[in-house]
Amino acid sequence: VVLDDPVVRAGLDQLWRNSSPDANLAQRHEQFGWIVRTATGYRIQPLGAGSFCGFDGAVSSPVEGNDAIVGFIHTHPYSIGETILACDANMQLSPAVYQGGPSDIDRVTSVNLGTQLGRSGPLPGVVIDKNGMTVYAGTQKTMDVAEPRCGY
Ligand SMILES: [Zn+2]
């Protein structure tokens with residue numbers, strides 16, 4: 001429902017375009033943002049680019065306050081089956097075939113952000129790639145929900 005909000009859709013579209021998804025692999029950049037509840041709906045607050053090794057959480061709070069953060073979103077400007085540089089458990093980059101959806105590190109980030117924000121569970125995450133969107137929370141893959149891209 002949050003992802004159907006037109007303001008959120010516009011924010012998603014902007015994050016996606018900022019990722020340069022059609023550029024050479026080295027020129028694409030994963031983009032991160034908060035999904036924030038506002039007085040009138042929801043919006044995306046861009047947090048800038050991350051690396052293949054993700055998002056360190058050392059970022060600014062929205063003006064609405066941390067309690068208004070309902071999730072975080074980031075882009076994977078890749079297609080399933082494409083060879084990318086992926087971050088391994090030792091934070092080293094190595095070539096890997098992109099599988100789609102959140103990485104293991106993305107799932108850990110969801111758990112860690114929930115802890116940092118004082119939530120009772122993981123902070124929900126959304127990942128968008130060339131194939132679609134996945135909503136997830138923490139390490140339980142059975143909780144993943146695939147969402148259509150809806151035209152962009
Ligand atoms: Zn990721």
# chains A, B, ... in the order shown; residues from 1 in each chain; ligands from 1

$ residues_around --residues "Leu47 (chain A)" --least-positions-apart "3" --cutoff "8 Å" --atoms "only C-alpha atoms" --output "ChimeraX atom specification"
/A:31-34,59-60

$ residues_around --residues "Ile105 (chain A)" --least-positions-apart "2" --cutoff "9 Å" --atoms "only C-alpha atoms" --output "list in words"
Cys53, Gly54, Cys87, Asp88, Ala89, Pro102, Ser103, Arg107, Val108, Thr109 and Ser110 of chain A

$ closest_residue --among "A:Gln14, A:Thr83, A:Asn24, A:Thr134" --to "ligand 1" --atoms "only C-alpha atoms and all ligand atoms"
A:Thr134

$ residues_near_ligand --ligand "ligand 1" --cutoff "12 Å" --atoms "only C-alpha atoms and all ligand atoms" --output "compact mmCIF listing (two decimals) with all heavy atoms, in the first residue's frame"
# COMPACT_ATOMS: atom_id res chain seq x y z
N HIS A 29 25.39 2.91 -9.45
CA HIS A 29 25.56 3.04 -8.00
C HIS A 29 24.25 2.71 -7.32
O HIS A 29 23.22 3.31 -7.64
CB HIS A 29 25.99 4.47 -7.63
CG HIS A 29 27.32 4.83 -8.21
ND1 HIS A 29 28.49 4.32 -7.71
CD2 HIS A 29 27.65 5.59 -9.27
CE1 HIS A 29 29.49 4.79 -8.45
NE2 HIS A 29 29.00 5.56 -9.40
N GLU A 30 24.31 1.81 -6.40
CA GLU A 30 23.13 1.52 -5.59
C GLU A 30 22.75 2.77 -4.81
O GLU A 30 23.61 3.43 -4.24
CB GLU A 30 23.41 0.35 -4.63
CG GLU A 30 23.74 -0.93 -5.37
CD GLU A 30 23.82 -2.15 -4.45
OE1 GLU A 30 23.45 -2.06 -3.26
OE2 GLU A 30 24.26 -3.21 -4.95
N GLN A 31 21.48 3.09 -4.78
CA GLN A 31 20.98 4.28 -4.08
C GLN A 31 20.10 3.84 -2.92
O GLN A 31 19.31 2.91 -3.05
CB GLN A 31 20.16 5.15 -5.03
CG GLN A 31 20.94 5.69 -6.21
CD GLN A 31 21.84 6.84 -5.84
OE1 GLN A 31 21.49 7.66 -4.99
NE2 GLN A 31 23.01 6.92 -6.47
N PHE A 32 20.23 4.56 -1.80
CA PHE A 32 19.51 4.21 -0.58
C PHE A 32 18.55 5.32 -0.19
O PHE A 32 18.79 6.48 -0.49
CB PHE A 32 20.50 3.96 0.56
CG PHE A 32 21.33 2.72 0.36
CD1 PHE A 32 22.38 2.70 -0.54
CD2 PHE A 32 21.02 1.56 1.06
CE1 PHE A 32 23.12 1.54 -0.74
CE2 PHE A 32 21.76 0.40 0.87
CZ PHE A 32 22.81 0.40 -0.03
N ALA A 49 24.32 7.30 -2.38
CA ALA A 49 24.77 6.04 -2.97
C ALA A 49 25.47 5.18 -1.96
O ALA A 49 26.12 5.67 -1.03
CB ALA A 49 25.70 6.32 -4.14
N GLY A 50 25.33 3.89 -2.12
CA GLY A 50 26.09 2.92 -1.34
C GLY A 50 27.00 2.14 -2.25
O GLY A 50 27.07 2.40 -3.45
N SER A 51 27.69 1.21 -1.67
CA SER A 51 28.58 0.36 -2.44
C SER A 51 27.96 -1.03 -2.53
O SER A 51 26.88 -1.28 -2.01
CB SER A 51 29.93 0.26 -1.75
OG SER A 51 29.79 -0.50 -0.58
N PHE A 52 28.66 -1.93 -3.16
CA PHE A 52 28.19 -3.31 -3.20
C PHE A 52 28.12 -3.90 -1.79
O PHE A 52 27.42 -4.86 -1.57
CB PHE A 52 29.13 -4.17 -4.05
CG PHE A 52 29.05 -3.88 -5.52
CD1 PHE A 52 30.06 -3.20 -6.15
CD2 PHE A 52 27.97 -4.29 -6.26
CE1 PHE A 52 30.01 -2.93 -7.51
CE2 PHE A 52 27.90 -4.04 -7.62
CZ PHE A 52 28.93 -3.35 -8.24
N CYS A 53 28.87 -3.32 -0.90
CA CYS A 53 28.87 -3.82 0.48
C CYS A 53 27.82 -3.12 1.32
O CYS A 53 27.80 -3.27 2.53
CB CYS A 53 30.25 -3.70 1.11
SG CYS A 53 31.44 -4.86 0.41
N GLY A 54 26.95 -2.36 0.69
CA GLY A 54 25.75 -1.87 1.36
C GLY A 54 25.90 -0.53 2.03
O GLY A 54 26.65 0.32 1.60
N PHE A 55 25.23 -0.41 3.10
CA PHE A 55 24.77 0.82 3.69
C PHE A 55 25.21 0.74 5.14
O PHE A 55 24.96 -0.25 5.81
CB PHE A 55 23.26 0.77 3.52
CG PHE A 55 22.45 1.73 4.27
CD1 PHE A 55 22.37 3.02 3.83
CD2 PHE A 55 21.74 1.32 5.37
CE1 PHE A 55 21.55 3.90 4.50
CE2 PHE A 55 20.93 2.20 6.03
CZ PHE A 55 20.84 3.48 5.60
N ASP A 56 25.90 1.76 5.61
CA ASP A 56 26.47 1.62 6.95
C ASP A 56 25.57 2.16 8.05
O ASP A 56 25.89 2.05 9.23
CB ASP A 56 27.85 2.28 7.03
CG ASP A 56 27.81 3.78 6.76
OD1 ASP A 56 26.70 4.35 6.75
OD2 ASP A 56 28.87 4.36 6.56
N PHE A 72 13.24 1.02 4.69
CA PHE A 72 14.33 1.57 3.89
C PHE A 72 14.31 0.88 2.53
O PHE A 72 13.83 -0.24 2.39
CB PHE A 72 15.69 1.44 4.58
CG PHE A 72 16.29 0.06 4.59
CD1 PHE A 72 17.41 -0.24 3.82
CD2 PHE A 72 15.76 -0.93 5.39
CE1 PHE A 72 17.98 -1.51 3.85
CE2 PHE A 72 16.32 -2.22 5.42
CZ PHE A 72 17.43 -2.50 4.64
N ILE A 73 14.79 1.61 1.57
CA ILE A 73 14.75 1.11 0.20
C ILE A 73 16.12 1.27 -0.42
O ILE A 73 16.85 2.19 -0.06
CB ILE A 73 13.67 1.87 -0.59
CG1 ILE A 73 13.48 1.24 -1.97
CG2 ILE A 73 13.98 3.36 -0.72
CD1 ILE A 73 12.12 1.52 -2.55
N HIS A 74 16.49 0.35 -1.27
CA HIS A 74 17.69 0.58 -2.06
C HIS A 74 17.57 -0.10 -3.40
O HIS A 74 16.73 -0.97 -3.60
CB HIS A 74 18.96 0.18 -1.31
CG HIS A 74 19.20 -1.28 -1.17
ND1 HIS A 74 18.44 -2.09 -0.36
CD2 HIS A 74 20.13 -2.09 -1.75
CE1 HIS A 74 18.91 -3.33 -0.42
NE2 HIS A 74 19.92 -3.37 -1.26
N THR A 75 18.39 0.37 -4.32
CA THR A 75 18.34 -0.14 -5.68
C THR A 75 19.45 -1.15 -5.92
O THR A 75 20.53 -1.08 -5.33
CB THR A 75 18.50 1.01 -6.71
OG1 THR A 75 19.80 1.59 -6.56
CG2 THR A 75 17.43 2.09 -6.50
N HIS A 76 19.15 -2.09 -6.76
CA HIS A 76 20.14 -2.99 -7.35
C HIS A 76 20.05 -2.76 -8.86
O HIS A 76 19.16 -3.33 -9.49
CB HIS A 76 19.81 -4.46 -7.05
CG HIS A 76 20.12 -4.91 -5.66
ND1 HIS A 76 19.73 -6.16 -5.19
CD2 HIS A 76 20.79 -4.31 -4.66
CE1 HIS A 76 20.16 -6.29 -3.94
NE2 HIS A 76 20.80 -5.19 -3.58
N PRO A 77 20.87 -1.89 -9.41
CA PRO A 77 20.72 -1.57 -10.84
C PRO A 77 21.29 -2.67 -11.74
O PRO A 77 22.19 -2.45 -12.55
CB PRO A 77 21.47 -0.24 -10.99
CG PRO A 77 22.46 -0.24 -9.88
CD PRO A 77 21.87 -1.05 -8.76
N TYR A 78 20.72 -3.86 -11.58
CA TYR A 78 21.22 -5.06 -12.27
C TYR A 78 20.03 -5.90 -12.75
O TYR A 78 18.91 -5.74 -12.29
CB TYR A 78 22.05 -5.94 -11.32
CG TYR A 78 22.89 -5.19 -10.33
CD1 TYR A 78 22.67 -5.34 -8.96
CD2 TYR A 78 23.88 -4.31 -10.75
CE1 TYR A 78 23.42 -4.64 -8.03
CE2 TYR A 78 24.62 -3.60 -9.83
CZ TYR A 78 24.40 -3.76 -8.48
OH TYR A 78 25.13 -3.07 -7.56
N ILE A 84 27.97 -9.47 -11.57
CA ILE A 84 28.26 -8.22 -10.88
C ILE A 84 29.40 -8.46 -9.89
O ILE A 84 29.86 -9.60 -9.72
CB ILE A 84 27.02 -7.69 -10.12
CG1 ILE A 84 26.59 -8.67 -9.02
CG2 ILE A 84 25.88 -7.44 -11.11
CD1 ILE A 84 25.57 -8.11 -8.05
N LEU A 85 29.83 -7.40 -9.23
CA LEU A 85 30.74 -7.57 -8.10
C LEU A 85 29.90 -7.60 -6.84
O LEU A 85 29.15 -6.67 -6.57
CB LEU A 85 31.74 -6.40 -8.04
CG LEU A 85 32.78 -6.39 -9.14
CD1 LEU A 85 33.60 -5.12 -9.05
CD2 LEU A 85 33.68 -7.62 -9.03
N ALA A 86 30.01 -8.67 -6.11
CA ALA A 86 29.22 -8.81 -4.90
C ALA A 86 30.14 -8.79 -3.69
O ALA A 86 31.33 -9.12 -3.77
CB ALA A 86 28.43 -10.12 -4.93
N CYS A 87 29.57 -8.42 -2.58
CA CYS A 87 30.32 -8.32 -1.34
C CYS A 87 30.21 -9.64 -0.59
O CYS A 87 29.11 -10.13 -0.37
CB CYS A 87 29.71 -7.19 -0.53
SG CYS A 87 30.65 -6.75 0.90
N TYR A 98 24.23 -12.22 -10.31
CA TYR A 98 23.16 -11.58 -9.55
C TYR A 98 21.91 -12.47 -9.55
O TYR A 98 21.44 -12.90 -10.59
CB TYR A 98 22.85 -10.21 -10.16
CG TYR A 98 21.73 -9.49 -9.45
CD1 TYR A 98 21.86 -9.13 -8.13
CD2 TYR A 98 20.54 -9.21 -10.11
CE1 TYR A 98 20.82 -8.49 -7.46
CE2 TYR A 98 19.50 -8.56 -9.46
CZ TYR A 98 19.65 -8.22 -8.13
OH TYR A 98 18.62 -7.59 -7.47
N GLN A 99 21.41 -12.72 -8.34
CA GLN A 99 20.30 -13.65 -8.16
C GLN A 99 18.95 -12.95 -8.01
O GLN A 99 17.92 -13.62 -7.98
CB GLN A 99 20.53 -14.50 -6.90
CG GLN A 99 21.85 -15.24 -6.86
CD GLN A 99 21.89 -16.40 -7.85
OE1 GLN A 99 20.85 -16.94 -8.22
NE2 GLN A 99 23.09 -16.77 -8.29
N GLY A 100 18.96 -11.65 -7.83
CA GLY A 100 17.71 -10.94 -7.58
C GLY A 100 17.38 -10.89 -6.10
O GLY A 100 17.84 -11.73 -5.33
N GLY A 101 16.62 -9.90 -5.73
CA GLY A 101 16.17 -9.78 -4.35
C GLY A 101 17.27 -9.33 -3.42
O GLY A 101 18.38 -8.98 -3.84
N PRO A 102 16.98 -9.28 -2.12
CA PRO A 102 17.96 -8.80 -1.15
C PRO A 102 19.11 -9.78 -0.96
O PRO A 102 18.93 -11.00 -1.01
CB PRO A 102 17.15 -8.65 0.14
CG PRO A 102 15.97 -9.55 -0.03
CD PRO A 102 15.68 -9.61 -1.50
N SER A 103 20.29 -9.24 -0.73
CA SER A 103 21.46 -10.06 -0.42
C SER A 103 21.44 -10.42 1.07
O SER A 103 20.66 -9.87 1.85
CB SER A 103 22.74 -9.29 -0.73
OG SER A 103 22.87 -8.19 0.16
N ASP A 104 22.31 -11.33 1.44
CA ASP A 104 22.41 -11.68 2.87
C ASP A 104 22.76 -10.44 3.69
O ASP A 104 22.25 -10.26 4.80
CB ASP A 104 23.47 -12.76 3.08
CG ASP A 104 23.02 -14.11 2.52
OD1 ASP A 104 21.82 -14.27 2.22
OD2 ASP A 104 23.88 -15.00 2.37
N ILE A 105 23.64 -9.59 3.15
CA ILE A 105 24.01 -8.37 3.86
C ILE A 105 22.81 -7.43 3.99
O ILE A 105 22.60 -6.80 5.03
CB ILE A 105 25.19 -7.68 3.15
CG1 ILE A 105 26.45 -8.53 3.36
CG2 ILE A 105 25.40 -6.25 3.65
CD1 ILE A 105 27.62 -8.11 2.52
N ASP A 106 21.99 -7.36 2.93
CA ASP A 106 20.78 -6.52 3.01
C ASP A 106 19.86 -7.00 4.13
O ASP A 106 19.23 -6.19 4.83
CB ASP A 106 20.00 -6.58 1.70
CG ASP A 106 20.76 -5.96 0.54
OD1 ASP A 106 21.62 -5.10 0.78
OD2 ASP A 106 20.45 -6.34 -0.61
N ARG A 107 19.78 -8.32 4.31
CA ARG A 107 18.91 -8.87 5.36
C ARG A 107 19.46 -8.54 6.76
O ARG A 107 18.70 -8.19 7.67
CB ARG A 107 18.77 -10.38 5.18
CG ARG A 107 18.03 -10.75 3.91
CD ARG A 107 17.94 -12.26 3.73
NE ARG A 107 17.35 -12.58 2.44
CZ ARG A 107 16.02 -12.51 2.18
NH1 ARG A 107 15.19 -12.16 3.14
NH2 ARG A 107 15.57 -12.79 0.99
N VAL A 108 20.77 -8.63 6.89
CA VAL A 108 21.38 -8.27 8.16
C VAL A 108 21.19 -6.77 8.45
O VAL A 108 20.92 -6.38 9.59
CB VAL A 108 22.89 -8.65 8.15
CG1 VAL A 108 23.61 -8.08 9.37
CG2 VAL A 108 23.04 -10.16 8.11
N THR A 109 21.29 -5.96 7.39
CA THR A 109 21.06 -4.53 7.56
C THR A 109 19.65 -4.25 8.07
O THR A 109 19.45 -3.39 8.94
CB THR A 109 21.29 -3.80 6.21
OG1 THR A 109 22.64 -4.02 5.81
CG2 THR A 109 21.04 -2.30 6.34
N SER A 110 18.68 -4.99 7.56
CA SER A 110 17.29 -4.83 8.02
C SER A 110 17.17 -5.11 9.52
O SER A 110 16.51 -4.36 10.26
CB SER A 110 16.41 -5.80 7.20
OG SER A 110 15.17 -6.02 7.79
N GLY A 125 12.57 -3.73 4.50
CA GLY A 125 13.36 -3.23 3.40
C GLY A 125 12.66 -3.48 2.08
O GLY A 125 11.84 -4.39 1.96
N VAL A 126 12.98 -2.65 1.10
CA VAL A 126 12.51 -2.84 -0.27
C VAL A 126 13.73 -2.77 -1.16
O VAL A 126 14.56 -1.87 -1.01
CB VAL A 126 11.51 -1.75 -0.69
CG1 VAL A 126 11.05 -1.96 -2.13
CG2 VAL A 126 10.32 -1.68 0.26
N VAL A 127 13.86 -3.74 -2.04
CA VAL A 127 14.93 -3.67 -3.02
C VAL A 127 14.30 -3.67 -4.41
O VAL A 127 13.34 -4.39 -4.67
CB VAL A 127 15.96 -4.81 -2.83
CG1 VAL A 127 15.34 -6.18 -3.04
CG2 VAL A 127 17.15 -4.62 -3.75
N ILE A 128 14.81 -2.80 -5.26
CA ILE A 128 14.29 -2.69 -6.63
C ILE A 128 15.42 -3.00 -7.59
O ILE A 128 16.54 -2.51 -7.43
CB ILE A 128 13.68 -1.29 -6.86
CG1 ILE A 128 13.12 -1.17 -8.27
CG2 ILE A 128 14.67 -0.17 -6.56
CD1 ILE A 128 12.28 0.08 -8.47
N ASP A 129 15.16 -3.89 -8.54
CA ASP A 129 16.16 -4.19 -9.57
C ASP A 129 15.47 -4.15 -10.92
O ASP A 129 14.31 -3.75 -11.03
CB ASP A 129 16.89 -5.51 -9.29
CG ASP A 129 15.99 -6.73 -9.36
OD1 ASP A 129 14.90 -6.67 -9.98
OD2 ASP A 129 16.38 -7.77 -8.78
N MET A 133 10.51 -5.68 -7.78
CA MET A 133 10.75 -5.17 -6.43
C MET A 133 10.48 -6.30 -5.45
O MET A 133 9.58 -7.11 -5.66
CB MET A 133 9.80 -4.02 -6.09
CG MET A 133 10.25 -2.69 -6.63
SD MET A 133 9.33 -1.32 -5.87
CE MET A 133 7.70 -1.55 -6.54
N THR A 134 11.24 -6.34 -4.38
CA THR A 134 11.00 -7.30 -3.31
C THR A 134 10.93 -6.55 -1.99
O THR A 134 11.78 -5.72 -1.70
CB THR A 134 12.14 -8.34 -3.23
OG1 THR A 134 12.31 -8.95 -4.51
CG2 THR A 134 11.84 -9.41 -2.19
N VAL A 135 9.89 -6.85 -1.23
CA VAL A 135 9.75 -6.34 0.13
C VAL A 135 10.17 -7.46 1.06
O VAL A 135 9.76 -8.61 0.88
CB VAL A 135 8.29 -5.91 0.40
CG1 VAL A 135 8.16 -5.35 1.82
CG2 VAL A 135 7.82 -4.89 -0.61
N TYR A 136 10.99 -7.13 2.05
CA TYR A 136 11.52 -8.16 2.94
C TYR A 136 11.70 -7.57 4.32
O TYR A 136 11.66 -6.35 4.51
CB TYR A 136 12.83 -8.74 2.39
CG TYR A 136 13.95 -7.74 2.32
CD1 TYR A 136 14.93 -7.71 3.32
CD2 TYR A 136 14.02 -6.79 1.30
CE1 TYR A 136 15.95 -6.77 3.28
CE2 TYR A 136 15.03 -5.85 1.26
CZ TYR A 136 15.99 -5.85 2.25
OH TYR A 136 16.99 -4.92 2.21

$ closest_residue --among "A:Asn131, A:Ser94, A:Thr142, A:Gln27" --to "Ser79 (chain A)" --atoms "only C-alpha atoms"
A:Asn131

$ closest_residue --among "A:Ile35, A:Gly41, A:Glu82, A:Lys130" --to "Ser61 (chain A)" --atoms "only C-alpha atoms"
A:Ile35

$ atom_distance --atom1 "CA of Val8 (chain A)" --atom2 "CA of Arg37 (chain A)"
10.2 Å

$ select_by_dssp --residues "region 12-150 of chain A" --states "strand (DSSP E or B)" --output "PyMOL selection string"
chain A and resi 31-37+42-49+51+54+69-75+83-87+93-97+125-128+133-136+145-147
